[in-house]
Structure formats: structure tokens, C-alpha cells
Amino acid sequence: MYSGLLIILLPLIAGYLIPLKNRPLLHIVNQLLSWMVYVILFIMGISLAFLDNLSANLLLIFKYAAVCFLCIFVMNYAALWLLERRRPWKSEHKQEKLPSRIHMALESLKLCGVVIGGFALGLTQWHWLTFASQASEIALLFLLALVGIQLRNSSMTLRQIILNRRGMMVGMVVAVSALAGGAIAALLLGLPLKTGLALASGYGWYSLSGIVLTDSFGPVIGSAAFFNDLARELCAIMLIPTLVRTSRSTALGLCGATSMDFTLPVLQRSGGLDMVPPAVVHGFVLSLIAPVLMAFFSA
């Protein structure tokens with residue numbers, strides 16, 4: 001258990017210990033991170049094509065993803081609604097013109113296309129593709145090191161995190177309620193509890209959860225994690241403009257870890273500038289704990 005945990009955490013910690021002040025180098029790290037996500041998801045698609053009883057497993061993937069998404073979404077929504085009732089988050093901001101939600105959704109769906117492309121290549125059953133799992137492990141270690149570097153150099157200080165109570169509160173509510181949803185999903189699906197908790201630990205970070213869980217549980221659970229977290233982001237993009245009028249905490253919390261990057265423009269234009277600091281802190285906190293929890297429950 002502990003060796004598996006260390007294999008995932010060591011590159012993350014090693015990357016976090018590397019301070020980078022050079023902006024061109026930071027840009028290269030960010031670019032590499034984007035490319036590695038596509039590379040690893042492509043490899044994940046190849047591994048999926050080598051599954052035994054492929055058609056049955058595809059149905060299983062979508063069943064796991066659908067049940068996990070519904071359980072986690074409902075638990076998150078209920079907990080965030082309760083938080084908004086107890087601690088209302090008021091604002092006089094009027095919504096700005098939003099970026100095209102359809103365009104943003106299509107950007108997310110491009111990653112699905114990468115997985116499908118890898119899957120199509122894997123169906124050829126070429127002999128050299130059988131090394132996909134080993135290639136995935138090496139690429140994962142490199143990706144985690146890059147994630148660590150990015151987190152270290154994200155300009156967020158411990159003081160900024162502690163002082164933004166709303167971002168911290170929403171982040172903690174999302175973290176705990178998502179795990180409760182994962183536990184319920186595991187019960188409904190007949191999966192081990194730690195598998196359900198691992199599936200819930202991605203917090204919308206689909207590009208990492210699919211990779212980590214594929215490495216630990218195989219391509220069925222890894223693919224289910226990917227589609228579960230991708231569905232979370234797509235739903236958040238569609239619901240933010242409506243939810244922010246009645247429950248700002250819910251609008252933020254449903255974004256999960258993506259609130260500090262992909263869904264941040266929608267949050268800012270829907271909820272105003274005062275939405276940005278909590279969104280960044282919320283996303284940072286979930287991005288920080290997601291790899292640790294996934295590693296812990298996957299070990």
C-alpha cells in the first residue's frame with residue numbers, strides 16, 4: 001500500500017520542491033503539462049482497446065460513470081445548498097456577457113476525442129501497443145512532477161489560502177460531500193469502498209483522475225473516473241450562470257478543481273470580480289488534495 005502511495009506522491013513532492021522564477025520556463029512547463037495530458041489520455045484509449053470482453057466493459061464504464069456522477073453531484077449540491085442557507089454569500093454584481101458555453105463544452109469534449117483516437121488505434125491490436133501500460137506509468141510520473149512544479153509556482157501563498165474563508169469553506173464542503181457520494185456509489189455498484197472514494201477524489205480534474213486510476217485499478221475504473229469528472233465540468237459550465245443568482249456557493253463548488261482555470265472565466269463574468277479569489281483558492285485546495293487522496297485510496 002505504502003509503496004504505491006510513494007510512487008505517486010514522490011514525483012508530485014519533487015516537482016513541488018522546484019522553484020521556478022523564469023517565466024519562459026514556467027510557460028514551457030504549462031505547455032508540457034497540456035501535451036502530456038493528451039499523450040496519456042491517448043495511451044489510456046489504447047489500453048481500453050485491449051480489454052477482454054470489450055463490449056461488456058464499455059457498458060460497465062458508462063454505468064460506473066453515470067452512477068458516480070449522479071451520487072457525487074447530488075451530495076455536492078445538497079451540501080452546498082445547505083452551506084448557502086447557513087452562510088449566505090451576497091453580491092450586487094450584474095452578469096457580464098458570457099463566453100460561449102457551447103465552445104467551452106466542445107473544448108472539454110476534445111479530450112474525449114483523444115481517448116477515442118487511442119481506442120481506435122488500439123483496435124488494430126499491433127504488437128508494440130501492448131507496451132501501453134508501461135508507457136502510461138512513465139508518463140504519469142513525469143506528469144505528476146509537472147503538476148507539482150505548477151502548484152509550487154501558482155503564486156498562491158499559505159496566507160492567501162488561510163485568509164479566504166469562503167473559498168476554503170466551499171472547498172472543504174465539496175471535498176467531504178463528494179467522498180460521501182463516492183461511498184454511496186460504491187454501495188450501489190457493489191464496488192469496494194476505497195474504489196468509490198478514489199472515483200470521488202478527482203473533484204472534476206478529469207485529465208488526472210482518469211490517468212491515476214487507470215494505473216491503479218485498470219482502464220475500466222480509470223475511464224469511468226475520466227467521464228465522471230468530465231461530466232462534472234460540462235454540467236458546471238451550463239449551470240453557473242443560473243446558479244450564481246440564487247446560490248453562489250453552489251455555482252462555485254460544482255466546478256470542483258477547475259474553478260481556478262477552465263471554469264474561472266464563466267465564474268468571473270457570472271459572479272463578478274469578488275468571485276475570483278474564492279474560486280482560485282477553492283480550485284487550488286481541491287487540486288492540492290485530489291492527487292493525495294487518489295493516491296491514498298488507490299494504493
# chains A, B, ... in the order shown; residues from 1 in each chain; ligands from 1
>>> residues_around(residues="Val170 in chain A", least_positions_apart="2", cutoff="7 Å", atoms="only C-alpha atoms", output="number ranges by chain")
A: 166-168, 172-174, 249, 253, 282
>>> write_last_selection(atoms="all heavy atoms", output="short mmCIF file (atom, residue, chain, number, x, y, z; two decimals), in the first residue's frame")
data_model
loop_
_atom_site.label_atom_id
_atom_site.label_comp_id
_atom_site.auth_asym_id
_atom_site.auth_seq_id
_atom_site.Cartn_x
_atom_site.Cartn_y
_atom_site.Cartn_z
N ARG A 166 -14.23 31.93 2.45
CA ARG A 166 -15.29 31.39 1.60
C ARG A 166 -14.74 30.30 0.68
O ARG A 166 -15.35 29.23 0.55
CB ARG A 166 -15.91 32.51 0.77
CG ARG A 166 -16.98 32.06 -0.23
CD ARG A 166 -18.17 31.38 0.42
NE ARG A 166 -18.91 32.27 1.31
CZ ARG A 166 -20.11 31.98 1.81
NH1 ARG A 166 -20.69 30.82 1.53
NH2 ARG A 166 -20.70 32.83 2.62
N GLY A 167 -13.61 30.56 0.04
CA GLY A 167 -13.02 29.55 -0.83
C GLY A 167 -12.67 28.28 -0.09
O GLY A 167 -12.90 27.17 -0.57
N MET A 168 -12.12 28.44 1.13
CA MET A 168 -11.77 27.28 1.95
C MET A 168 -13.02 26.51 2.37
O MET A 168 -13.06 25.27 2.31
CB MET A 168 -11.00 27.73 3.19
CG MET A 168 -9.55 28.11 2.93
SD MET A 168 -8.55 26.66 2.48
CE MET A 168 -8.55 25.76 4.03
N MET A 172 -13.82 22.66 1.32
CA MET A 172 -13.95 21.57 2.30
C MET A 172 -15.31 20.87 2.19
O MET A 172 -15.41 19.64 2.29
CB MET A 172 -13.76 22.12 3.71
CG MET A 172 -12.32 22.54 4.03
SD MET A 172 -11.13 21.16 3.86
CE MET A 172 -10.41 21.50 2.27
N VAL A 173 -16.37 21.66 1.96
CA VAL A 173 -17.71 21.07 1.80
C VAL A 173 -17.75 20.17 0.57
O VAL A 173 -18.29 19.06 0.61
CB VAL A 173 -18.78 22.19 1.69
CG1 VAL A 173 -20.12 21.63 1.21
CG2 VAL A 173 -18.97 22.87 3.05
N VAL A 174 -17.16 20.64 -0.53
CA VAL A 174 -17.12 19.85 -1.76
C VAL A 174 -16.31 18.57 -1.55
O VAL A 174 -16.72 17.48 -1.96
CB VAL A 174 -16.52 20.67 -2.92
CG1 VAL A 174 -16.20 19.78 -4.12
CG2 VAL A 174 -17.48 21.77 -3.34
N SER A 249 -22.34 29.87 -3.68
CA SER A 249 -21.52 28.76 -3.16
C SER A 249 -21.69 27.52 -4.01
O SER A 249 -20.73 26.81 -4.31
CB SER A 249 -21.88 28.46 -1.70
OG SER A 249 -21.60 29.55 -0.87
N GLY A 253 -18.84 25.64 -6.08
CA GLY A 253 -18.50 24.28 -5.64
C GLY A 253 -18.64 23.22 -6.72
O GLY A 253 -17.84 22.29 -6.79
N HIS A 282 -10.43 27.92 -3.87
CA HIS A 282 -11.22 26.68 -3.92
C HIS A 282 -10.58 25.67 -4.88
O HIS A 282 -10.38 24.49 -4.54
CB HIS A 282 -12.64 27.03 -4.36
CG HIS A 282 -13.51 25.86 -4.70
ND1 HIS A 282 -13.66 25.39 -5.99
CD2 HIS A 282 -14.29 25.07 -3.92
CE1 HIS A 282 -14.49 24.36 -5.99
NE2 HIS A 282 -14.88 24.14 -4.76
#
>>> residues_around(residues="Met294 in chain A", least_positions_apart="5", cutoff="10 Å", atoms="only C-alpha atoms", output="ChimeraX atom specification")
/A:5,8,194-195,197-202,208-209,212-213,216,289,299
>>> atom_distance(atom1="CA of Phe42 in chain A", atom2="CA of Trp205 in chain A")
16.6 Å
>>> atom_distance(atom1="CA of His127 in chain A", atom2="CA of Ala224 in chain A")
26.0 Å
>>> closest_residue(among="A:Gly204, A:Pro241, A:Leu48, A:Phe226", to="Met260 in chain A", atoms="only C-alpha atoms")
A:Gly204
>>> closest_residue(among="A:Leu191, A:Leu25, A:Val114, A:Arg165", to="Phe217 in chain A", atoms="only C-alpha atoms")
A:Leu191
>>> select_by_dssp(residues="range 146-275 of chain A", states="helix (DSSP H, G or I)", output="compact mmCIF listing (two decimals) with N, CA, C and O atoms, in the first residue's frame")
# COMPACT_ATOMS: atom_id res chain seq x y z
N LEU A 146 5.36 17.54 -13.14
CA LEU A 146 4.98 18.82 -13.74
C LEU A 146 3.85 19.48 -12.95
O LEU A 146 3.84 20.71 -12.77
N VAL A 147 2.90 18.67 -12.46
CA VAL A 147 1.80 19.20 -11.64
C VAL A 147 2.36 19.82 -10.37
O VAL A 147 1.94 20.90 -9.93
N GLY A 148 3.34 19.15 -9.75
CA GLY A 148 3.97 19.67 -8.54
C GLY A 148 4.64 21.01 -8.79
O GLY A 148 4.51 21.95 -8.00
N ILE A 149 5.35 21.12 -9.92
CA ILE A 149 6.01 22.38 -10.28
C ILE A 149 4.97 23.49 -10.48
O ILE A 149 5.14 24.62 -10.01
N GLN A 150 3.87 23.15 -11.15
CA GLN A 150 2.83 24.15 -11.41
C GLN A 150 2.18 24.63 -10.12
O GLN A 150 1.94 25.83 -9.95
N LEU A 151 1.91 23.71 -9.19
CA LEU A 151 1.30 24.09 -7.92
C LEU A 151 2.24 24.99 -7.11
O LEU A 151 1.81 25.97 -6.50
N ARG A 152 3.54 24.66 -7.11
CA ARG A 152 4.53 25.44 -6.35
C ARG A 152 4.61 26.87 -6.88
O ARG A 152 4.79 27.83 -6.13
N LEU A 158 0.37 30.51 1.42
CA LEU A 158 -0.39 29.94 2.52
C LEU A 158 -1.27 31.00 3.18
O LEU A 158 -2.41 30.74 3.56
N ARG A 159 -0.76 32.22 3.29
CA ARG A 159 -1.52 33.31 3.89
C ARG A 159 -2.79 33.62 3.08
O ARG A 159 -3.88 33.80 3.65
N GLN A 160 -2.66 33.64 1.75
CA GLN A 160 -3.82 33.91 0.90
C GLN A 160 -4.88 32.82 1.04
O GLN A 160 -6.08 33.10 1.04
N ILE A 161 -4.42 31.58 1.17
CA ILE A 161 -5.37 30.47 1.29
C ILE A 161 -6.13 30.54 2.61
O ILE A 161 -7.34 30.40 2.67
N ILE A 162 -5.38 30.79 3.71
CA ILE A 162 -6.00 30.82 5.03
C ILE A 162 -6.98 31.98 5.16
O ILE A 162 -8.05 31.85 5.76
N LEU A 163 -6.62 33.14 4.57
CA LEU A 163 -7.45 34.33 4.73
C LEU A 163 -8.76 34.28 3.94
O LEU A 163 -9.71 34.97 4.27
N ARG A 165 -11.76 32.73 3.56
CA ARG A 165 -12.59 31.75 4.26
C ARG A 165 -13.64 31.13 3.35
O ARG A 165 -13.94 29.94 3.46
N ARG A 166 -14.23 31.93 2.45
CA ARG A 166 -15.29 31.39 1.60
C ARG A 166 -14.74 30.30 0.68
O ARG A 166 -15.35 29.23 0.55
N GLY A 167 -13.61 30.56 0.04
CA GLY A 167 -13.02 29.55 -0.83
C GLY A 167 -12.67 28.28 -0.09
O GLY A 167 -12.90 27.17 -0.57
N MET A 168 -12.12 28.44 1.13
CA MET A 168 -11.77 27.28 1.95
C MET A 168 -13.02 26.51 2.37
O MET A 168 -13.06 25.27 2.31
N MET A 169 -14.06 27.24 2.81
CA MET A 169 -15.30 26.60 3.25
C MET A 169 -15.93 25.78 2.14
O MET A 169 -16.29 24.61 2.32
N VAL A 170 -16.07 26.41 0.96
CA VAL A 170 -16.69 25.71 -0.17
C VAL A 170 -15.85 24.51 -0.57
O VAL A 170 -16.37 23.41 -0.84
N GLY A 171 -14.52 24.68 -0.58
CA GLY A 171 -13.62 23.57 -0.93
C GLY A 171 -13.76 22.39 0.00
O GLY A 171 -13.83 21.23 -0.43
N MET A 172 -13.82 22.66 1.32
CA MET A 172 -13.95 21.57 2.30
C MET A 172 -15.31 20.87 2.19
O MET A 172 -15.41 19.64 2.29
N VAL A 173 -16.37 21.66 1.96
CA VAL A 173 -17.71 21.07 1.80
C VAL A 173 -17.75 20.17 0.57
O VAL A 173 -18.29 19.06 0.61
N VAL A 174 -17.16 20.64 -0.53
CA VAL A 174 -17.12 19.85 -1.76
C VAL A 174 -16.31 18.57 -1.55
O VAL A 174 -16.72 17.48 -1.96
N ALA A 175 -15.16 18.70 -0.90
CA ALA A 175 -14.28 17.54 -0.69
C ALA A 175 -14.97 16.44 0.09
O ALA A 175 -14.97 15.27 -0.30
N VAL A 176 -15.61 16.83 1.21
CA VAL A 176 -16.24 15.84 2.10
C VAL A 176 -17.50 15.26 1.47
O VAL A 176 -17.73 14.04 1.49
N SER A 177 -18.35 16.13 0.89
CA SER A 177 -19.62 15.64 0.33
C SER A 177 -19.39 14.77 -0.90
O SER A 177 -20.14 13.82 -1.15
N ALA A 178 -18.33 15.07 -1.68
CA ALA A 178 -18.00 14.23 -2.84
C ALA A 178 -17.60 12.82 -2.39
O ALA A 178 -17.99 11.82 -3.00
N LEU A 179 -16.83 12.74 -1.32
CA LEU A 179 -16.44 11.43 -0.80
C LEU A 179 -17.66 10.65 -0.31
O LEU A 179 -17.74 9.43 -0.50
N ALA A 180 -18.62 11.36 0.30
CA ALA A 180 -19.86 10.70 0.72
C ALA A 180 -20.59 10.16 -0.50
O ALA A 180 -21.12 9.03 -0.48
N GLY A 181 -20.63 10.96 -1.57
CA GLY A 181 -21.26 10.49 -2.81
C GLY A 181 -20.55 9.30 -3.40
O GLY A 181 -21.18 8.36 -3.90
N GLY A 182 -19.23 9.30 -3.34
CA GLY A 182 -18.45 8.16 -3.84
C GLY A 182 -18.72 6.90 -3.05
O GLY A 182 -18.79 5.80 -3.61
N ALA A 183 -18.89 7.05 -1.74
CA ALA A 183 -19.19 5.89 -0.88
C ALA A 183 -20.57 5.31 -1.23
O ALA A 183 -20.74 4.08 -1.30
N ILE A 184 -21.54 6.19 -1.46
CA ILE A 184 -22.88 5.73 -1.85
C ILE A 184 -22.84 5.03 -3.20
O ILE A 184 -23.46 3.98 -3.40
N ALA A 185 -22.08 5.61 -4.15
CA ALA A 185 -21.95 5.00 -5.47
C ALA A 185 -21.33 3.61 -5.38
O ALA A 185 -21.77 2.67 -6.06
N ALA A 186 -20.30 3.47 -4.54
CA ALA A 186 -19.66 2.16 -4.35
C ALA A 186 -20.67 1.14 -3.82
O ALA A 186 -20.69 -0.02 -4.26
N LEU A 187 -21.51 1.57 -2.90
CA LEU A 187 -22.53 0.69 -2.33
C LEU A 187 -23.53 0.26 -3.40
O LEU A 187 -23.88 -0.92 -3.50
N LEU A 188 -23.99 1.22 -4.21
CA LEU A 188 -24.97 0.91 -5.25
C LEU A 188 -24.40 0.02 -6.35
O LEU A 188 -25.10 -0.82 -6.91
N LEU A 189 -23.11 0.20 -6.65
CA LEU A 189 -22.47 -0.54 -7.75
C LEU A 189 -21.82 -1.84 -7.30
O LEU A 189 -21.35 -2.62 -8.13
N LEU A 193 -15.26 -0.04 -1.12
CA LEU A 193 -15.42 1.34 -0.66
C LEU A 193 -14.29 2.23 -1.14
O LEU A 193 -14.51 3.36 -1.60
N LYS A 194 -13.04 1.72 -1.08
CA LYS A 194 -11.90 2.57 -1.47
C LYS A 194 -11.95 2.91 -2.96
O LYS A 194 -11.46 3.96 -3.37
N THR A 195 -12.57 2.05 -3.79
CA THR A 195 -12.70 2.35 -5.21
C THR A 195 -13.67 3.51 -5.42
O THR A 195 -13.41 4.43 -6.21
N GLY A 196 -14.80 3.47 -4.70
CA GLY A 196 -15.76 4.57 -4.78
C GLY A 196 -15.16 5.88 -4.30
O GLY A 196 -15.38 6.94 -4.89
N LEU A 197 -14.38 5.82 -3.22
CA LEU A 197 -13.74 7.03 -2.69
C LEU A 197 -12.68 7.56 -3.66
O LEU A 197 -12.52 8.77 -3.82
N ALA A 198 -11.95 6.65 -4.31
CA ALA A 198 -10.95 7.07 -5.30
C ALA A 198 -11.63 7.75 -6.49
O ALA A 198 -11.16 8.77 -6.99
N LEU A 199 -12.77 7.20 -6.93
CA LEU A 199 -13.51 7.79 -8.04
C LEU A 199 -14.01 9.19 -7.70
O LEU A 199 -14.10 10.06 -8.56
N ALA A 200 -14.33 9.41 -6.42
CA ALA A 200 -14.84 10.71 -5.99
C ALA A 200 -13.73 11.73 -5.75
O ALA A 200 -14.02 12.93 -5.61
N TYR A 206 -10.47 15.71 -14.51
CA TYR A 206 -10.59 14.50 -15.32
C TYR A 206 -9.28 14.09 -15.98
O TYR A 206 -9.03 12.91 -16.17
N SER A 207 -8.45 15.07 -16.34
CA SER A 207 -7.21 14.73 -17.02
C SER A 207 -6.22 14.01 -16.11
O SER A 207 -5.32 13.33 -16.58
N LEU A 208 -6.39 14.16 -14.79
CA LEU A 208 -5.51 13.45 -13.85
C LEU A 208 -6.18 12.22 -13.27
O LEU A 208 -5.56 11.16 -13.15
N SER A 209 -7.48 12.32 -12.93
CA SER A 209 -8.14 11.19 -12.28
C SER A 209 -8.18 9.96 -13.18
O SER A 209 -7.93 8.84 -12.73
N GLY A 210 -8.47 10.17 -14.47
CA GLY A 210 -8.50 9.04 -15.38
C GLY A 210 -7.16 8.34 -15.48
O GLY A 210 -7.08 7.11 -15.52
N ILE A 211 -6.09 9.14 -15.47
CA ILE A 211 -4.74 8.60 -15.60
C ILE A 211 -4.33 7.83 -14.34
O ILE A 211 -3.85 6.69 -14.41
N VAL A 212 -4.50 8.45 -13.18
CA VAL A 212 -4.07 7.83 -11.92
C VAL A 212 -4.86 6.55 -11.64
O VAL A 212 -4.29 5.53 -11.26
N LEU A 213 -6.17 6.60 -11.85
CA LEU A 213 -6.99 5.42 -11.53
C LEU A 213 -6.83 4.31 -12.57
O LEU A 213 -7.00 3.14 -12.24
N THR A 214 -6.50 4.66 -13.80
CA THR A 214 -6.19 3.62 -14.79
C THR A 214 -4.94 2.87 -14.35
O THR A 214 -4.88 1.64 -14.43
N ASP A 215 -3.95 3.60 -13.86
CA ASP A 215 -2.71 2.99 -13.42
C ASP A 215 -2.93 2.09 -12.21
O ASP A 215 -2.27 1.06 -12.06
N SER A 216 -3.88 2.44 -11.35
CA SER A 216 -4.10 1.69 -10.10
C SER A 216 -5.16 0.61 -10.22
O SER A 216 -5.01 -0.47 -9.66
N PHE A 217 -6.26 0.91 -10.92
CA PHE A 217 -7.41 -0.01 -10.96
C PHE A 217 -7.67 -0.62 -12.33
O PHE A 217 -8.54 -1.46 -12.47
N PRO A 219 -8.13 0.08 -16.83
CA PRO A 219 -8.80 1.03 -17.73
C PRO A 219 -10.30 1.19 -17.53
O PRO A 219 -10.86 2.21 -17.90
N VAL A 220 -10.99 0.19 -16.95
CA VAL A 220 -12.43 0.33 -16.73
C VAL A 220 -12.71 1.42 -15.71
O VAL A 220 -13.47 2.37 -15.96
N ILE A 221 -12.10 1.32 -14.53
CA ILE A 221 -12.30 2.32 -13.48
C ILE A 221 -11.69 3.66 -13.89
O ILE A 221 -12.27 4.73 -13.65
N GLY A 222 -10.51 3.62 -14.54
CA GLY A 222 -9.87 4.86 -14.99
C GLY A 222 -10.73 5.62 -15.98
O GLY A 222 -10.87 6.84 -15.89
N SER A 223 -11.32 4.90 -16.93
CA SER A 223 -12.19 5.55 -17.92
C SER A 223 -13.46 6.07 -17.27
O SER A 223 -13.96 7.15 -17.62
N ALA A 224 -14.00 5.32 -16.31
CA ALA A 224 -15.20 5.77 -15.58
C ALA A 224 -14.89 7.07 -14.82
O ALA A 224 -15.71 7.99 -14.80
N ALA A 225 -13.70 7.14 -14.21
CA ALA A 225 -13.29 8.36 -13.50
C ALA A 225 -13.20 9.54 -14.46
O ALA A 225 -13.64 10.65 -14.15
N PHE A 226 -12.62 9.30 -15.63
CA PHE A 226 -12.48 10.36 -16.64
C PHE A 226 -13.84 10.92 -17.04
O PHE A 226 -14.07 12.13 -17.01
N PHE A 227 -14.77 10.04 -17.39
CA PHE A 227 -16.08 10.50 -17.85
C PHE A 227 -16.91 11.10 -16.71
O PHE A 227 -17.68 12.05 -16.93
N ASN A 228 -16.75 10.59 -15.50
CA ASN A 228 -17.42 11.15 -14.33
C ASN A 228 -16.99 12.60 -14.11
O ASN A 228 -17.83 13.50 -13.94
N ASP A 229 -15.68 12.84 -14.13
CA ASP A 229 -15.18 14.19 -13.87
C ASP A 229 -15.41 15.13 -15.05
O ASP A 229 -15.63 16.33 -14.86
N LEU A 230 -15.38 14.60 -16.26
CA LEU A 230 -15.67 15.43 -17.43
C LEU A 230 -17.13 15.89 -17.40
O LEU A 230 -17.43 17.06 -17.68
N ALA A 231 -18.03 14.99 -17.01
CA ALA A 231 -19.45 15.35 -16.91
C ALA A 231 -19.67 16.44 -15.88
O ALA A 231 -20.51 17.33 -16.06
N ARG A 232 -18.88 16.41 -14.80
CA ARG A 232 -18.98 17.44 -13.77
C ARG A 232 -18.66 18.82 -14.36
O ARG A 232 -19.38 19.80 -14.13
N GLU A 233 -17.56 18.90 -15.12
CA GLU A 233 -17.17 20.19 -15.70
C GLU A 233 -18.20 20.70 -16.69
O GLU A 233 -18.55 21.88 -16.69
N LEU A 234 -18.70 19.81 -17.54
CA LEU A 234 -19.69 20.22 -18.54
C LEU A 234 -20.96 20.73 -17.88
O LEU A 234 -21.52 21.75 -18.31
N CYS A 235 -21.41 20.05 -16.83
CA CYS A 235 -22.61 20.50 -16.11
C CYS A 235 -22.38 21.84 -15.43
O CYS A 235 -23.25 22.71 -15.42
N ALA A 236 -21.19 22.02 -14.85
CA ALA A 236 -20.86 23.29 -14.18
C ALA A 236 -20.92 24.44 -15.18
O ALA A 236 -21.50 25.50 -14.89
N ILE A 237 -20.34 24.25 -16.37
CA ILE A 237 -20.34 25.30 -17.40
C ILE A 237 -21.77 25.73 -17.74
O ILE A 237 -22.07 26.91 -17.88
N MET A 238 -22.66 24.75 -17.85
CA MET A 238 -24.04 25.04 -18.23
C MET A 238 -24.85 25.66 -17.09
O MET A 238 -25.74 26.49 -17.32
N LEU A 239 -24.54 25.29 -15.84
CA LEU A 239 -25.37 25.70 -14.71
C LEU A 239 -24.91 26.98 -14.00
O LEU A 239 -25.70 27.61 -13.30
N ILE A 240 -23.62 27.36 -14.14
CA ILE A 240 -23.09 28.50 -13.39
C ILE A 240 -23.94 29.77 -13.56
O ILE A 240 -24.33 30.39 -12.56
N PRO A 241 -24.26 30.21 -14.80
CA PRO A 241 -24.99 31.47 -14.93
C PRO A 241 -26.33 31.50 -14.23
O PRO A 241 -26.77 32.55 -13.76
N THR A 242 -26.99 30.34 -14.13
CA THR A 242 -28.27 30.28 -13.44
C THR A 242 -28.09 30.18 -11.93
O THR A 242 -28.73 30.91 -11.16
N LEU A 243 -27.19 29.32 -11.48
CA LEU A 243 -26.99 29.09 -10.05
C LEU A 243 -26.42 30.29 -9.32
O LEU A 243 -26.74 30.52 -8.15
N VAL A 244 -25.57 31.08 -10.01
CA VAL A 244 -24.90 32.18 -9.33
C VAL A 244 -25.90 33.23 -8.84
O VAL A 244 -25.61 34.00 -7.92
N ARG A 245 -27.08 33.28 -9.41
CA ARG A 245 -28.11 34.24 -8.99
C ARG A 245 -28.74 33.86 -7.66
O ARG A 245 -29.19 34.72 -6.90
N THR A 246 -28.81 32.57 -7.38
CA THR A 246 -29.50 32.11 -6.18
C THR A 246 -28.58 31.47 -5.14
O THR A 246 -28.86 31.52 -3.95
N ARG A 248 -24.41 31.30 -4.84
CA ARG A 248 -23.05 31.48 -5.34
C ARG A 248 -22.13 30.35 -4.88
O ARG A 248 -21.22 29.93 -5.60
N SER A 249 -22.34 29.87 -3.68
CA SER A 249 -21.52 28.76 -3.16
C SER A 249 -21.69 27.52 -4.01
O SER A 249 -20.73 26.81 -4.31
N THR A 250 -22.94 27.24 -4.43
CA THR A 250 -23.21 26.07 -5.26
C THR A 250 -22.58 26.23 -6.64
O THR A 250 -21.99 25.29 -7.18
N ALA A 251 -22.71 27.43 -7.21
CA ALA A 251 -22.12 27.70 -8.53
C ALA A 251 -20.61 27.47 -8.50
O ALA A 251 -20.04 26.91 -9.45
N LEU A 252 -19.96 27.89 -7.43
CA LEU A 252 -18.51 27.70 -7.29
C LEU A 252 -18.17 26.24 -7.03
O LEU A 252 -17.29 25.66 -7.69
N GLY A 253 -18.84 25.64 -6.08
CA GLY A 253 -18.50 24.28 -5.64
C GLY A 253 -18.64 23.22 -6.72
O GLY A 253 -17.84 22.29 -6.79
N GLY A 256 -15.61 22.28 -8.94
CA GLY A 256 -14.53 21.44 -8.45
C GLY A 256 -13.17 22.10 -8.67
O GLY A 256 -13.03 23.32 -8.60
N ALA A 257 -12.18 21.28 -8.98
CA ALA A 257 -10.81 21.77 -9.13
C ALA A 257 -10.63 22.71 -10.32
O ALA A 257 -9.66 23.45 -10.38
N THR A 258 -11.59 22.71 -11.26
CA THR A 258 -11.45 23.54 -12.45
C THR A 258 -11.80 25.01 -12.19
O THR A 258 -11.68 25.83 -13.11
N SER A 259 -12.20 25.36 -10.96
CA SER A 259 -12.61 26.74 -10.69
C SER A 259 -11.44 27.72 -10.76
O SER A 259 -11.66 28.93 -10.86
N MET A 260 -10.20 27.22 -10.73
CA MET A 260 -9.08 28.17 -10.82
C MET A 260 -8.49 28.23 -12.23
O MET A 260 -7.53 28.94 -12.47
N LEU A 264 -13.06 29.34 -14.56
CA LEU A 264 -12.88 30.65 -13.93
C LEU A 264 -13.48 31.80 -14.75
O LEU A 264 -14.12 32.69 -14.18
N PRO A 265 -13.30 31.84 -16.09
CA PRO A 265 -13.91 32.95 -16.85
C PRO A 265 -15.43 33.01 -16.72
O PRO A 265 -16.01 34.09 -16.64
N VAL A 266 -16.08 31.86 -16.70
CA VAL A 266 -17.54 31.84 -16.55
C VAL A 266 -17.94 32.32 -15.16
O VAL A 266 -18.89 33.07 -15.00
N LEU A 267 -17.20 31.88 -14.15
CA LEU A 267 -17.48 32.32 -12.78
C LEU A 267 -17.31 33.83 -12.64
O LEU A 267 -18.13 34.51 -12.02
N GLN A 268 -16.24 34.36 -13.23
CA GLN A 268 -15.95 35.79 -13.11
C GLN A 268 -17.03 36.63 -13.81
O GLN A 268 -17.52 37.61 -13.26
N ARG A 269 -17.42 36.22 -15.00
CA ARG A 269 -18.40 37.00 -15.76
C ARG A 269 -19.80 36.85 -15.19
O ARG A 269 -20.62 37.75 -15.31
N SER A 270 -20.07 35.71 -14.59
CA SER A 270 -21.39 35.50 -14.00
C SER A 270 -21.50 36.10 -12.60
O SER A 270 -22.54 36.65 -12.24
N GLY A 271 -20.41 35.97 -11.81
CA GLY A 271 -20.48 36.36 -10.40
C GLY A 271 -19.71 37.60 -10.02
O GLY A 271 -19.80 38.06 -8.89
N LEU A 273 -15.98 40.18 -10.01
CA LEU A 273 -14.58 40.06 -9.60
C LEU A 273 -14.42 39.48 -8.20
O LEU A 273 -13.43 38.82 -7.91
N ASP A 274 -15.41 39.72 -7.32
CA ASP A 274 -15.29 39.20 -5.96
C ASP A 274 -15.43 37.68 -5.92
O ASP A 274 -15.21 37.05 -4.89
N MET A 275 -15.79 37.09 -7.07
CA MET A 275 -15.88 35.62 -7.18
C MET A 275 -14.51 35.01 -7.45
O MET A 275 -14.30 33.82 -7.19
>>> atom_distance(atom1="CA of Pro88 in chain A", atom2="CA of Phe262 in chain A")
25.3 Å
>>> closest_residue(among="A:Ala49, A:Val74, A:Ile43, A:Ala65", to="Ile138 in chain A", atoms="only C-alpha atoms")
A:Ile43
>>> closest_residue(among="A:Lys63, A:Asn164, A:Ser247, A:Val29", to="Glu84 in chain A", atoms="only C-alpha atoms")
A:Ser247
